[in-house]
>>> print(open('data_2.cif').read())   # mmCIF, C-alpha atoms
data_query
loop_
_atom_site.label_atom_id
_atom_site.label_comp_id
_atom_site.auth_asym_id
_atom_site.auth_seq_id
_atom_site.Cartn_x
_atom_site.Cartn_y
_atom_site.Cartn_z
CA MET A 1 -30.86 -25.67 33.15
CA ALA A 2 -31.01 -26.75 29.51
CA ILE A 3 -28.33 -26.59 26.83
CA GLN A 4 -29.74 -25.29 23.56
CA ASP A 5 -28.81 -27.99 21.06
CA SER A 6 -30.47 -30.64 18.95
CA GLN A 7 -29.25 -33.30 21.40
CA SER A 8 -30.78 -34.08 24.84
CA PHE A 9 -28.67 -35.05 27.84
CA SER A 10 -29.33 -37.01 31.05
CA PRO A 11 -28.39 -35.30 34.35
CA ARG A 12 -25.39 -37.61 34.72
CA THR A 13 -24.14 -36.88 31.20
CA LEU A 14 -24.69 -33.19 31.76
CA ARG A 15 -22.55 -33.29 34.92
CA CYS A 16 -19.77 -35.03 32.95
CA TYR A 17 -19.93 -32.37 30.21
CA VAL A 18 -19.78 -29.53 32.71
CA GLY A 19 -16.87 -31.12 34.55
CA ALA A 20 -14.97 -31.72 31.35
CA LEU A 21 -15.62 -28.15 30.23
CA LEU A 22 -14.24 -26.77 33.49
CA LEU A 23 -11.09 -28.87 33.04
CA VAL A 24 -10.61 -27.59 29.48
CA ILE A 25 -11.09 -23.97 30.55
CA PHE A 26 -8.64 -24.48 33.43
CA PHE A 27 -5.92 -25.97 31.23
CA SER A 28 -6.44 -23.48 28.42
CA ALA A 29 -5.88 -20.66 30.92
CA ALA A 30 -2.79 -22.28 32.40
CA VAL A 31 -1.25 -23.77 29.27
CA PRO A 32 -1.09 -22.21 25.78
CA ILE A 33 -3.69 -23.95 23.65
CA SER A 34 -1.08 -24.67 20.97
CA PHE A 35 0.70 -27.00 23.42
CA ILE A 36 -2.35 -29.19 24.05
CA HIS A 37 -2.46 -32.41 22.02
CA PHE A 38 -6.04 -32.40 20.76
CA SER A 39 -5.87 -36.12 19.93
CA THR A 40 -5.83 -36.86 23.68
CA ILE A 41 -9.02 -34.88 24.40
CA PRO A 42 -12.35 -36.68 23.96
CA ARG A 43 -14.24 -35.45 20.91
CA PHE A 44 -17.35 -34.47 22.88
CA VAL A 45 -15.18 -32.17 25.06
CA LEU A 46 -13.74 -30.41 21.99
CA GLN A 47 -17.22 -29.99 20.54
CA LEU A 48 -18.46 -28.44 23.75
CA TYR A 49 -15.36 -26.20 23.96
CA ASN A 50 -15.94 -24.98 20.42
CA ARG A 51 -19.58 -24.17 21.23
CA THR A 52 -18.73 -22.03 24.22
CA ILE A 53 -15.37 -20.33 23.41
CA PRO A 54 -15.49 -18.01 20.37
CA SER A 55 -12.65 -18.38 17.90
CA GLU A 56 -10.09 -15.58 17.92
CA LYS A 57 -9.53 -13.61 14.74
CA PRO A 58 -6.19 -11.95 13.99
CA MET A 59 -6.33 -8.22 14.52
CA GLY A 60 -4.88 -5.93 11.87
CA GLU A 61 -2.71 -2.96 12.73
CA ASN A 62 -4.81 0.00 13.82
CA ILE A 63 -3.75 2.85 11.55
CA SER A 64 -6.83 5.00 11.90
CA SER A 65 -6.72 8.58 13.11
CA SER A 66 -9.21 10.64 15.06
CA ASN A 67 -9.11 13.26 12.30
CA SER A 68 -9.17 10.85 9.39
CA THR A 69 -11.88 9.33 7.26
CA PHE A 70 -9.53 6.49 6.32
CA ASP A 71 -10.95 2.97 6.23
CA THR A 72 -8.57 0.95 8.40
CA ALA A 73 -9.96 -2.44 7.39
CA ALA A 74 -9.02 -1.94 3.76
CA ALA A 75 -5.47 -0.83 4.54
CA THR A 76 -4.65 -3.83 6.71
CA SER A 77 -5.28 -6.33 3.93
CA ASP A 78 -2.35 -7.39 1.74
CA THR A 79 -4.65 -7.56 -1.29
CA GLN A 80 -5.65 -3.89 -1.13
CA LEU A 81 -4.21 -1.28 -3.47
CA LEU A 82 -3.97 2.20 -1.98
CA VAL A 83 -3.13 5.29 -4.03
CA HIS A 84 -1.69 8.31 -2.25
CA TYR A 85 -1.66 11.96 -3.28
CA PHE A 86 -0.30 14.91 -1.28
CA LYS A 87 -1.94 18.31 -0.92
CA LEU A 88 -0.03 20.54 1.48
CA TYR A 89 -0.85 24.19 2.17
CA ARG A 90 1.27 27.09 3.36
CA THR A 91 -1.51 28.36 5.62
CA GLN A 92 -4.25 26.79 7.72
CA SER A 93 -6.91 28.74 5.81
CA PRO A 94 -6.88 27.60 2.18
CA THR A 95 -9.26 29.18 -0.32
CA ARG A 96 -10.91 28.01 -3.53
CA ASP A 97 -7.80 29.20 -5.35
CA ASP A 98 -6.02 26.31 -3.61
CA ASP A 99 -8.42 23.64 -4.90
CA LEU A 100 -7.23 20.99 -7.32
CA SER A 101 -6.81 22.27 -10.85
CA TYR A 102 -8.52 20.73 -13.86
CA LEU A 103 -5.29 18.87 -14.66
CA ASP A 104 -5.02 17.61 -11.06
CA CYS A 105 -8.57 16.30 -11.30
CA LEU A 106 -7.71 14.66 -14.61
CA SER A 107 -4.91 12.74 -12.88
CA LEU A 108 -7.35 11.57 -10.22
CA ARG A 109 -9.82 10.51 -12.89
CA SER A 110 -7.12 8.48 -14.67
CA VAL A 111 -6.49 6.59 -11.42
CA LEU A 112 -10.17 5.84 -10.84
CA LYS A 113 -10.83 4.88 -14.44
CA ASN A 114 -7.71 2.90 -15.32
CA LEU A 115 -6.23 1.61 -12.05
CA LYS A 116 -9.40 1.20 -9.94
CA PRO A 117 -7.66 1.17 -6.53
CA ASP A 118 -9.40 0.12 -3.36
CA GLN A 119 -8.87 3.54 -1.83
CA VAL A 120 -7.40 6.94 -2.68
CA MET A 121 -5.88 8.87 0.20
CA ILE A 122 -5.11 12.57 -0.13
CA HIS A 123 -2.65 13.48 2.59
CA THR A 124 -3.00 17.06 3.78
CA ASN A 125 -2.03 19.35 6.64
CA VAL A 126 -5.53 20.93 6.65
CA ILE A 127 -7.96 18.10 7.32
CA ASP A 128 -11.15 20.17 7.54
CA TYR A 129 -10.94 21.63 4.04
CA TRP A 130 -12.21 19.68 1.01
CA PRO A 131 -10.19 20.77 -2.07
CA LEU A 132 -11.95 18.54 -4.60
CA ASP A 133 -15.15 20.41 -5.43
CA SER A 134 -13.35 21.55 -8.56
CA CYS A 135 -13.28 17.90 -9.70
CA SER A 136 -17.06 17.44 -9.81
CA GLU A 137 -17.07 17.41 -13.62
CA LEU A 138 -14.51 14.60 -13.81
CA VAL A 139 -15.26 12.59 -10.67
CA THR A 140 -18.83 11.71 -9.78
CA ASN A 141 -18.40 9.04 -7.11
CA TRP A 142 -16.39 9.89 -4.02
CA THR A 143 -16.67 6.51 -2.34
CA GLY A 144 -13.21 5.40 -1.28
CA ILE A 145 -11.60 8.86 -1.61
CA HIS A 146 -10.42 10.17 1.75
CA LEU A 147 -8.47 13.00 3.31
CA LYS A 148 -5.76 11.95 5.74
CA TYR A 149 -4.04 14.32 8.12
CA PHE A 150 -0.29 14.72 7.62
CA PRO A 151 1.42 17.56 9.54
CA ARG A 152 4.11 19.72 8.02
CA ARG A 153 7.65 19.45 9.41
CA PHE A 154 9.09 22.93 8.63
CA VAL A 155 12.59 21.85 9.75
CA MET A 156 14.90 18.97 8.79
CA GLN A 157 18.33 18.43 10.37
CA GLY A 158 18.02 21.83 11.97
CA ARG A 159 17.54 23.46 8.56
CA ARG A 160 14.42 25.28 7.43
CA ILE A 161 12.61 23.31 4.73
CA ARG A 162 12.49 25.64 1.75
CA TRP A 163 9.85 24.04 -0.48
CA LEU A 164 6.56 22.24 0.12
CA HIS A 165 7.87 19.86 -2.54
CA HIS A 166 10.51 18.60 -0.07
CA GLU A 167 7.90 18.08 2.63
CA ALA A 168 5.80 16.06 0.19
CA ASP A 169 8.85 13.96 -0.72
CA MET A 170 9.45 13.08 2.92
CA ALA A 171 5.74 12.38 3.35
CA LYS A 172 5.89 9.85 0.52
CA LEU A 173 8.65 7.95 2.29
CA SER A 174 6.65 7.82 5.52
CA VAL A 175 3.37 6.87 3.87
CA LEU A 176 4.87 3.97 1.90
CA ARG A 177 6.42 2.60 5.08
CA GLN A 178 3.20 3.01 7.06
CA TYR A 179 0.56 1.93 4.53
CA GLY A 180 2.17 0.65 1.35
CA GLY A 181 0.61 1.41 -2.04
CA LEU A 182 1.39 3.83 -4.87
CA THR A 183 2.24 7.51 -4.40
CA LEU A 184 1.61 9.87 -7.30
CA ASP A 185 2.17 13.50 -8.19
CA PHE A 186 -0.85 15.25 -9.67
CA ASP A 187 0.90 15.58 -13.05
CA VAL A 188 1.11 11.78 -13.45
CA TYR A 189 -1.63 9.99 -15.40
CA ILE A 190 -2.34 6.26 -15.18
CA ILE A 191 -2.76 4.65 -18.61
CA ASN A 192 -2.45 0.87 -18.21
CA GLY A 193 -3.66 -0.07 -14.76
CA THR A 194 -3.06 -3.77 -15.34
CA GLU A 195 0.62 -3.12 -16.06
CA VAL A 196 0.94 -0.85 -13.03
CA ARG A 197 -0.48 -3.60 -10.82
CA ARG A 198 1.89 -6.14 -12.39
CA LEU A 199 4.87 -3.90 -11.68
CA LEU A 200 3.79 -3.43 -8.07
CA ASN A 201 3.34 -7.17 -7.61
CA THR A 202 6.69 -8.18 -9.11
CA ALA A 203 9.05 -5.86 -7.19
CA PRO A 204 9.39 -4.76 -3.56
CA CYS A 205 9.13 -1.14 -4.74
CA ILE A 206 8.97 0.70 -8.06
CA ILE A 207 10.10 4.21 -8.96
CA CYS A 208 10.55 6.28 -12.11
CA ALA A 209 13.82 6.50 -13.98
CA GLU A 210 14.47 10.08 -15.11
CA SER A 211 16.53 11.34 -18.02
CA PRO A 212 20.32 11.47 -17.59
CA TYR A 213 20.65 14.44 -19.90
CA ASP A 214 19.84 17.40 -17.67
CA LYS A 215 22.31 19.37 -15.54
CA GLU A 216 21.45 17.49 -12.34
CA GLY A 217 22.54 14.14 -13.77
CA TYR A 218 20.89 10.71 -13.72
CA LYS A 219 18.29 10.35 -10.99
CA VAL A 220 15.06 8.71 -9.94
CA ASN A 221 11.74 10.56 -9.95
CA ALA A 222 9.36 10.10 -7.01
CA GLY A 223 6.33 11.31 -8.96
CA PHE A 224 5.56 7.63 -9.59
CA PHE A 225 6.74 5.69 -6.53
CA GLY A 226 5.18 2.62 -4.96
CA CYS A 227 5.68 -0.33 -2.63
CA LEU A 228 2.56 -2.49 -2.63
CA HIS A 229 3.37 -4.10 0.73
CA LYS A 230 4.56 -1.86 3.54
CA GLU A 231 6.56 -4.78 4.96
CA LYS A 232 8.76 -4.69 1.84
CA ALA A 233 9.25 -0.91 1.80
CA GLN A 234 12.97 -1.06 2.56
CA TYR A 235 13.92 1.42 -0.16
CA PRO A 236 11.89 4.35 1.26
CA ALA A 237 13.42 3.64 4.66
CA LEU A 238 16.93 3.75 3.19
CA VAL A 239 16.26 7.00 1.32
CA ARG A 240 15.01 8.61 4.52
CA LYS A 241 17.92 7.29 6.61
CA LEU A 242 20.81 7.78 4.17
CA SER A 243 19.60 10.91 2.38
CA PHE A 244 17.24 13.21 4.30
CA ASP A 245 18.37 12.27 7.81
CA VAL A 246 22.09 12.80 7.21
CA ASP A 247 22.51 14.98 4.13
CA TYR A 248 19.48 17.21 3.63
CA ARG A 249 20.08 19.96 1.03
CA PRO A 250 17.28 22.54 1.29
CA ASP A 251 18.67 24.58 -1.62
CA ARG A 252 18.65 21.74 -4.17
CA TRP A 253 15.31 20.81 -5.72
CA VAL A 254 15.85 17.09 -6.39
CA TYR A 255 19.11 16.24 -4.63
CA ASN A 256 17.71 14.14 -1.77
CA ILE A 257 14.78 12.43 -3.50
CA GLY A 258 16.43 12.22 -6.94
CA ILE A 259 20.23 12.12 -7.15
CA LYS A 260 20.95 10.78 -3.68
CA ALA A 261 18.05 8.33 -3.97
CA MET A 262 19.57 6.98 -7.20
CA GLU A 263 22.92 6.45 -5.46
CA ILE A 264 21.13 4.52 -2.72
CA LEU A 265 19.30 2.39 -5.27
CA LYS A 266 22.55 1.55 -7.09
CA GLY A 267 24.00 0.37 -3.79
CA ASN A 268 20.85 -1.60 -2.91
CA PRO A 269 19.42 -2.78 -6.26
CA GLN A 270 17.29 -5.49 -4.64
CA THR A 271 15.10 -2.93 -2.90
CA ALA A 272 13.39 -1.34 -5.94
CA THR A 273 12.94 -1.53 -9.71
CA LEU A 274 13.31 1.42 -12.10
CA VAL A 275 10.33 1.89 -14.42
CA ASP A 276 10.91 3.27 -17.92
CA ASN A 277 8.61 5.29 -20.18
CA VAL A 278 6.81 7.06 -17.35
CA CYS A 279 9.16 9.92 -16.40
CA ASN A 280 11.97 9.69 -18.93
CA ASN A 281 10.63 9.36 -22.48
CA PRO A 282 10.78 12.10 -23.58
CA PRO A 283 12.96 13.68 -20.88
CA TRP A 284 11.36 16.56 -19.00
CA ALA A 285 13.56 19.09 -20.81
CA ASN A 286 11.97 17.98 -24.10
CA ILE A 287 8.45 17.45 -22.82
CA SER A 288 7.13 20.09 -25.23
CA SER A 289 7.48 17.51 -28.01
CA PHE A 290 4.73 15.51 -26.28
CA MET A 291 2.64 18.43 -25.09
CA LEU A 292 2.68 20.41 -28.34
CA GLY A 293 3.31 17.76 -30.99
CA ARG A 294 2.99 14.05 -31.60
CA THR A 295 5.83 11.80 -30.53
CA THR A 296 6.86 8.52 -32.09
CA GLY A 297 5.07 5.65 -30.40
CA GLY A 298 2.51 7.89 -28.72
CA TRP A 299 1.36 7.04 -25.22
CA SER A 300 -0.77 3.88 -25.27
CA TYR A 301 2.17 1.53 -24.57
CA ARG A 302 3.07 3.28 -21.30
CA PRO A 303 1.88 2.14 -17.84
CA ALA A 304 1.59 5.81 -16.85
CA PHE A 305 2.93 9.16 -17.97
CA HIS A 306 4.51 12.06 -16.08
CA THR A 307 3.82 15.23 -18.06
CA TYR A 308 5.61 17.79 -15.81
CA PHE A 309 2.85 20.10 -17.03
CA HIS A 310 1.20 22.55 -14.62
CA ASP A 311 -1.30 25.20 -15.64
CA ARG A 312 -4.06 26.18 -13.21
CA LYS A 313 -5.92 28.00 -15.99
CA PHE A 314 -6.08 24.90 -18.18
CA ASN A 315 -9.69 23.74 -18.73
CA LYS A 316 -11.76 21.37 -20.82
CA ALA A 317 -11.88 23.80 -23.75
CA ASN A 318 -8.09 23.83 -23.86
CA LEU A 319 -8.06 20.05 -23.71
CA MET A 320 -10.45 19.69 -26.64
CA ASN A 321 -8.29 22.01 -28.76
CA MET A 322 -4.94 20.32 -28.06
CA ASN A 323 -3.49 18.91 -31.28
CA SER A 324 -0.79 16.75 -29.69
CA SER A 325 -0.01 13.42 -28.05
CA ALA A 326 -0.90 14.97 -24.69
CA GLY A 327 -4.24 16.13 -26.05
CA ASP A 328 -5.00 12.63 -27.32
CA LEU A 329 -4.14 11.18 -23.91
CA PHE A 330 -6.21 13.72 -21.99
CA ARG A 331 -9.26 13.24 -24.22
CA TRP A 332 -9.00 9.47 -23.83
CA ILE A 333 -9.03 9.86 -20.04
CA VAL A 334 -12.08 12.11 -20.18
CA LYS A 335 -13.90 9.84 -22.63
CA ASP A 336 -16.65 7.60 -21.22
CA GLU A 337 -18.54 9.55 -18.62
CA LYS A 338 -19.72 6.52 -16.63
CA ASN A 339 -19.38 6.88 -12.86
CA GLU A 340 -16.17 5.50 -11.45
CA THR A 341 -16.54 3.33 -8.38
CA LEU A 342 -14.01 2.10 -5.88
#
>>> encode(input="data_2.cif", output="structure tokens")
Amino acid sequence: MAIQDSQSFSPRTLRCYVGALLLVIFFSAAVPISFIHFSTIPRFVLQLYNRTIPSEKPMGENISSSNSTFDTAAATSDTQLLVHYFKLYRTQSPTRDDDLSYLDCLSLRSVLKNLKPDQVMIHTNVIDYWPLDSCSELVTNWTGIHLKYFPRRFVMQGRRIRWLHHEADMAKLSVLRQYGGLTLDFDVYIINGTEVRRLLNTAPCIICAESPYDKEGYKVNAGFFGCLHKEKAQYPALVRKLSFDVDYRPDRWVYNIGIKAMEILKGNPQTATLVDNVCNNPPWANISSFMLGRTTGGWSYRPAFHTYFHDRKFNKANLMNMNSSAGDLFRWIVKDEKNETL
């Protein structure tokens, strides 16, 4: 029997090699290899051991799903940036009227163009329906965009969940703890991707500050909410534990994810950083000044912008005719029709 190598061995040498190999295999099975002092093992034995025993590679956490197109390998790397959207339906039979709107697609385009994440995951309770055909004008490369199954809860603390919005809020908390990354509402537009990445890399988590001037009081806004590393996502865990799990208010729109979440952040300031000029300037109550007119300072200095603007009938013709800061921003996002790639 010959060993395939550039060296040749005499029968006696071969018997020595085989004997030494058996000893190494025996001890490696009986004693953890980290406890063996390699300096005491002859070099030729180590060389032979390395030829015959393949090196072990660390295995990442398996977070794939049988009904998911998610690329597990990308999510298990600390250097990956994942962006998460949420598209939940009231029924299991959505129609084309439930597809993403032009403005929703514009948000997705801003992410692909300006942030260039490794993957975009759209979490949905209907995994076999593709709601993005409406985006074909704004998105031409679907590589790296995936649907991920996320079931609805319906009940929290024994109380019926009133709004899909609340289910999406709870989904954000779970997703950041499971995958890490950046969660976005579809009315948030990425402007400076480099600054967004810097913010994610310099804090355990980031979340929007919202205006203190409305009737609900000072609060955070989860429309722009991220924790790059799931291992550091302590803030989402605290919001789930200290807000939704013990004090869920189904009749209050932003109590749990906004007001209560701000109280939790004040008590645990090391867990997240508030980001200005995304959700609070101008405040949502005065957003018309941005949507219909031109605001001082414009939009180019912002890392992202939350418009609070929803109109399913809005189309490209409306965009081209907007004489406002929002119109300038939207046209800048649409500009440059090169294919985005992930």
>>> closest_residue(input="data_2.cif", among="A:Arg153, A:Arg160, A:Lys113, A:His306", to="Asn141 in chain A", atoms="only C-alpha atoms")
A:Lys113
>>> resolve_selection(input="data_2.cif", expression="the PyMOL selection byres ((chain A and resi 161) around 12)", output="short mmCIF file (atom, residue, chain, number, x, y, z; two decimals) with C-alpha atoms, in the coordinates of the input")
data_model
loop_
_atom_site.label_atom_id
_atom_site.label_comp_id
_atom_site.auth_asym_id
_atom_site.auth_seq_id
_atom_site.Cartn_x
_atom_site.Cartn_y
_atom_site.Cartn_z
CA ARG A 152 4.11 19.72 8.02
CA ARG A 153 7.65 19.45 9.41
CA PHE A 154 9.09 22.93 8.63
CA VAL A 155 12.59 21.85 9.75
CA MET A 156 14.90 18.97 8.79
CA GLN A 157 18.33 18.43 10.37
CA GLY A 158 18.02 21.83 11.97
CA ARG A 159 17.54 23.46 8.56
CA ARG A 160 14.42 25.28 7.43
CA ARG A 162 12.49 25.64 1.75
CA TRP A 163 9.85 24.04 -0.48
CA LEU A 164 6.56 22.24 0.12
CA HIS A 165 7.87 19.86 -2.54
CA HIS A 166 10.51 18.60 -0.07
CA GLU A 167 7.90 18.08 2.63
CA ALA A 168 5.80 16.06 0.19
CA ASP A 169 8.85 13.96 -0.72
CA MET A 170 9.45 13.08 2.92
CA PHE A 244 17.24 13.21 4.30
CA TYR A 248 19.48 17.21 3.63
CA ARG A 249 20.08 19.96 1.03
CA PRO A 250 17.28 22.54 1.29
CA ASP A 251 18.67 24.58 -1.62
CA ARG A 252 18.65 21.74 -4.17
CA TRP A 253 15.31 20.81 -5.72
#
>>> resolve_selection(input="data_2.cif", expression="the PyMOL selection byres ((chain A and resi 274-279) around 10)", output="PyMOL selection string")
chain A and resi 188-191+196+199+203+205-211+220-225+262+265+269+272-273+280-284+287+299+301-308
>>> residues_near_point(input="data_2.cif", point="(-8.1, 6.7, -15.2)", cutoff="9 Å", atoms="only C-alpha atoms", output="list in words")
Leu106, Ser107, Leu108, Arg109, Ser110, Val111, Leu112, Lys113, Asn114, Leu115, Lys116, Tyr189, Ile190, Ile191, Asn192, Gly193, Ile333, Val334 and Glu340 of chain A
>>> residues_around(input="data_2.cif", residues="Met121 in chain A", least_positions_apart="4", cutoff="7 Å", atoms="only C-alpha atoms", output="list in words")
Val83, His84, Tyr85, Ile145, His146, Leu147 and Lys148 of chain A
>>> atom_distance(input="data_2.cif", atom1="CA of Lys232 in chain A", atom2="CA of Lys260 in chain A")
20.5 Å
>>> atom_distance(input="data_2.cif", atom1="CA of Gln80 in chain A", atom2="CA of Asp118 in chain A")
5.9 Å
>>> closest_residue(input="data_2.cif", among="A:Asn256, A:Asn315, A:Asn321, A:Ser300", to="Glu195 in chain A", atoms="all atoms listed in the file")
A:Ser300
>>> residues_around(input="data_2.cif", residues="Leu176 in chain A", least_positions_apart="6", cutoff="8 Å", atoms="only C-alpha atoms", output="PyMOL selection string")
chain A and resi 182-183+226-227+230+233+236
>>> closest_residue(input="data_2.cif", among="A:Ser93, A:Ser136, A:Ser101, A:Asn201", to="His310 in chain A", atoms="all atoms listed in the file")
A:Ser101
>>> resolve_selection(input="data_2.cif", expression="the PyMOL selection byres ((chain A and resi 124-135) around 6)", output="PDB file with C-alpha atoms, in the coordinates of the input")
ATOM      1  CA  LYS A  87      -1.940  18.310  -0.920  1.00  0.00           C
ATOM      2  CA  LEU A  88      -0.030  20.540   1.480  1.00  0.00           C
ATOM      3  CA  ASP A  99      -8.420  23.640  -4.900  1.00  0.00           C
ATOM      4  CA  LEU A 100      -7.230  20.990  -7.320  1.00  0.00           C
ATOM      5  CA  CYS A 105      -8.570  16.300 -11.300  1.00  0.00           C
ATOM      6  CA  HIS A 123      -2.650  13.480   2.590  1.00  0.00           C
ATOM      7  CA  SER A 136     -17.060  17.440  -9.810  1.00  0.00           C
ATOM      8  CA  GLU A 137     -17.070  17.410 -13.620  1.00  0.00           C
ATOM      9  CA  LEU A 138     -14.510  14.600 -13.810  1.00  0.00           C
ATOM     10  CA  VAL A 139     -15.260  12.590 -10.670  1.00  0.00           C
ATOM     11  CA  TYR A 149      -4.040  14.320   8.120  1.00  0.00           C
ATOM     12  CA  PHE A 150      -0.290  14.720   7.620  1.00  0.00           C
ATOM     13  CA  PRO A 151       1.420  17.560   9.540  1.00  0.00           C
TER      14      PRO A 151
END
>>> residues_around(input="data_2.cif", residues="Phe309 in chain A", least_positions_apart="5", cutoff="9 Å", atoms="all atoms listed in the file", output="list in words")
Leu103, Asp187, Ile287 and Met291 of chain A
>>> atom_distance(input="data_2.cif", atom1="CA of Gly258 in chain A", atom2="CA of Asn286 in chain A")
18.6 Å
>>> residues_near_point(input="data_2.cif", point="(-2.1, 19.7, -23.0)", cutoff="10 Å", atoms="all atoms listed in the file", output="MDAnalysis selection string")
chainID A and resid 103 288 290:293 307 309:311 314:315 318:331
>>> build_atoms(input="data_2.cif", residues="range 115-122 of chain A", atoms="all heavy atoms", output="short mmCIF file (atom, residue, chain, number, x, y, z; two decimals), in the frame of the given file")
data_model
loop_
_atom_site.label_atom_id
_atom_site.label_comp_id
_atom_site.auth_asym_id
_atom_site.auth_seq_id
_atom_site.Cartn_x
_atom_site.Cartn_y
_atom_site.Cartn_z
N LEU A 115 -6.88 2.44 -13.07
CA LEU A 115 -6.23 1.61 -12.05
C LEU A 115 -7.24 0.98 -11.10
O LEU A 115 -7.03 -0.13 -10.61
CB LEU A 115 -5.22 2.45 -11.26
CG LEU A 115 -4.34 1.71 -10.26
CD1 LEU A 115 -3.55 0.60 -10.95
CD2 LEU A 115 -3.40 2.69 -9.56
N LYS A 116 -8.34 1.69 -10.82
CA LYS A 116 -9.40 1.20 -9.94
C LYS A 116 -8.85 0.70 -8.59
O LYS A 116 -9.02 -0.46 -8.21
CB LYS A 116 -10.20 0.09 -10.62
CG LYS A 116 -10.93 0.55 -11.88
CD LYS A 116 -11.69 -0.60 -12.53
CE LYS A 116 -12.52 -0.10 -13.71
NZ LYS A 116 -11.70 0.49 -14.79
N PRO A 117 -8.20 1.59 -7.84
CA PRO A 117 -7.66 1.17 -6.53
C PRO A 117 -8.78 0.95 -5.52
O PRO A 117 -9.92 1.35 -5.74
CB PRO A 117 -6.79 2.37 -6.14
CG PRO A 117 -7.47 3.53 -6.78
CD PRO A 117 -8.00 3.02 -8.10
N ASP A 118 -8.42 0.33 -4.42
CA ASP A 118 -9.40 0.12 -3.36
C ASP A 118 -9.68 1.41 -2.61
O ASP A 118 -10.80 1.63 -2.15
CB ASP A 118 -8.89 -0.95 -2.39
CG ASP A 118 -8.76 -2.29 -3.08
OD1 ASP A 118 -9.79 -2.94 -3.30
OD2 ASP A 118 -7.62 -2.67 -3.45
N GLN A 119 -8.67 2.25 -2.47
CA GLN A 119 -8.87 3.54 -1.83
C GLN A 119 -7.87 4.55 -2.39
O GLN A 119 -6.78 4.19 -2.82
CB GLN A 119 -8.67 3.45 -0.32
CG GLN A 119 -9.71 2.61 0.41
CD GLN A 119 -9.68 2.86 1.89
OE1 GLN A 119 -9.85 3.98 2.35
NE2 GLN A 119 -9.47 1.81 2.66
N VAL A 120 -8.28 5.82 -2.37
CA VAL A 120 -7.40 6.94 -2.68
C VAL A 120 -7.31 7.80 -1.44
O VAL A 120 -8.34 8.23 -0.89
CB VAL A 120 -7.92 7.78 -3.87
CG1 VAL A 120 -7.05 9.02 -4.07
CG2 VAL A 120 -7.96 6.94 -5.14
N MET A 121 -6.11 8.04 -0.97
CA MET A 121 -5.88 8.87 0.20
C MET A 121 -5.18 10.14 -0.22
O MET A 121 -4.15 10.08 -0.90
CB MET A 121 -5.03 8.11 1.24
CG MET A 121 -5.67 6.85 1.77
SD MET A 121 -4.54 5.90 2.84
CE MET A 121 -4.33 7.05 4.18
N ILE A 122 -5.74 11.28 0.15
CA ILE A 122 -5.11 12.57 -0.13
C ILE A 122 -4.59 13.10 1.19
O ILE A 122 -5.36 13.47 2.08
CB ILE A 122 -6.10 13.54 -0.78
CG1 ILE A 122 -6.59 12.94 -2.11
CG2 ILE A 122 -5.45 14.90 -1.01
CD1 ILE A 122 -7.65 13.77 -2.82
#
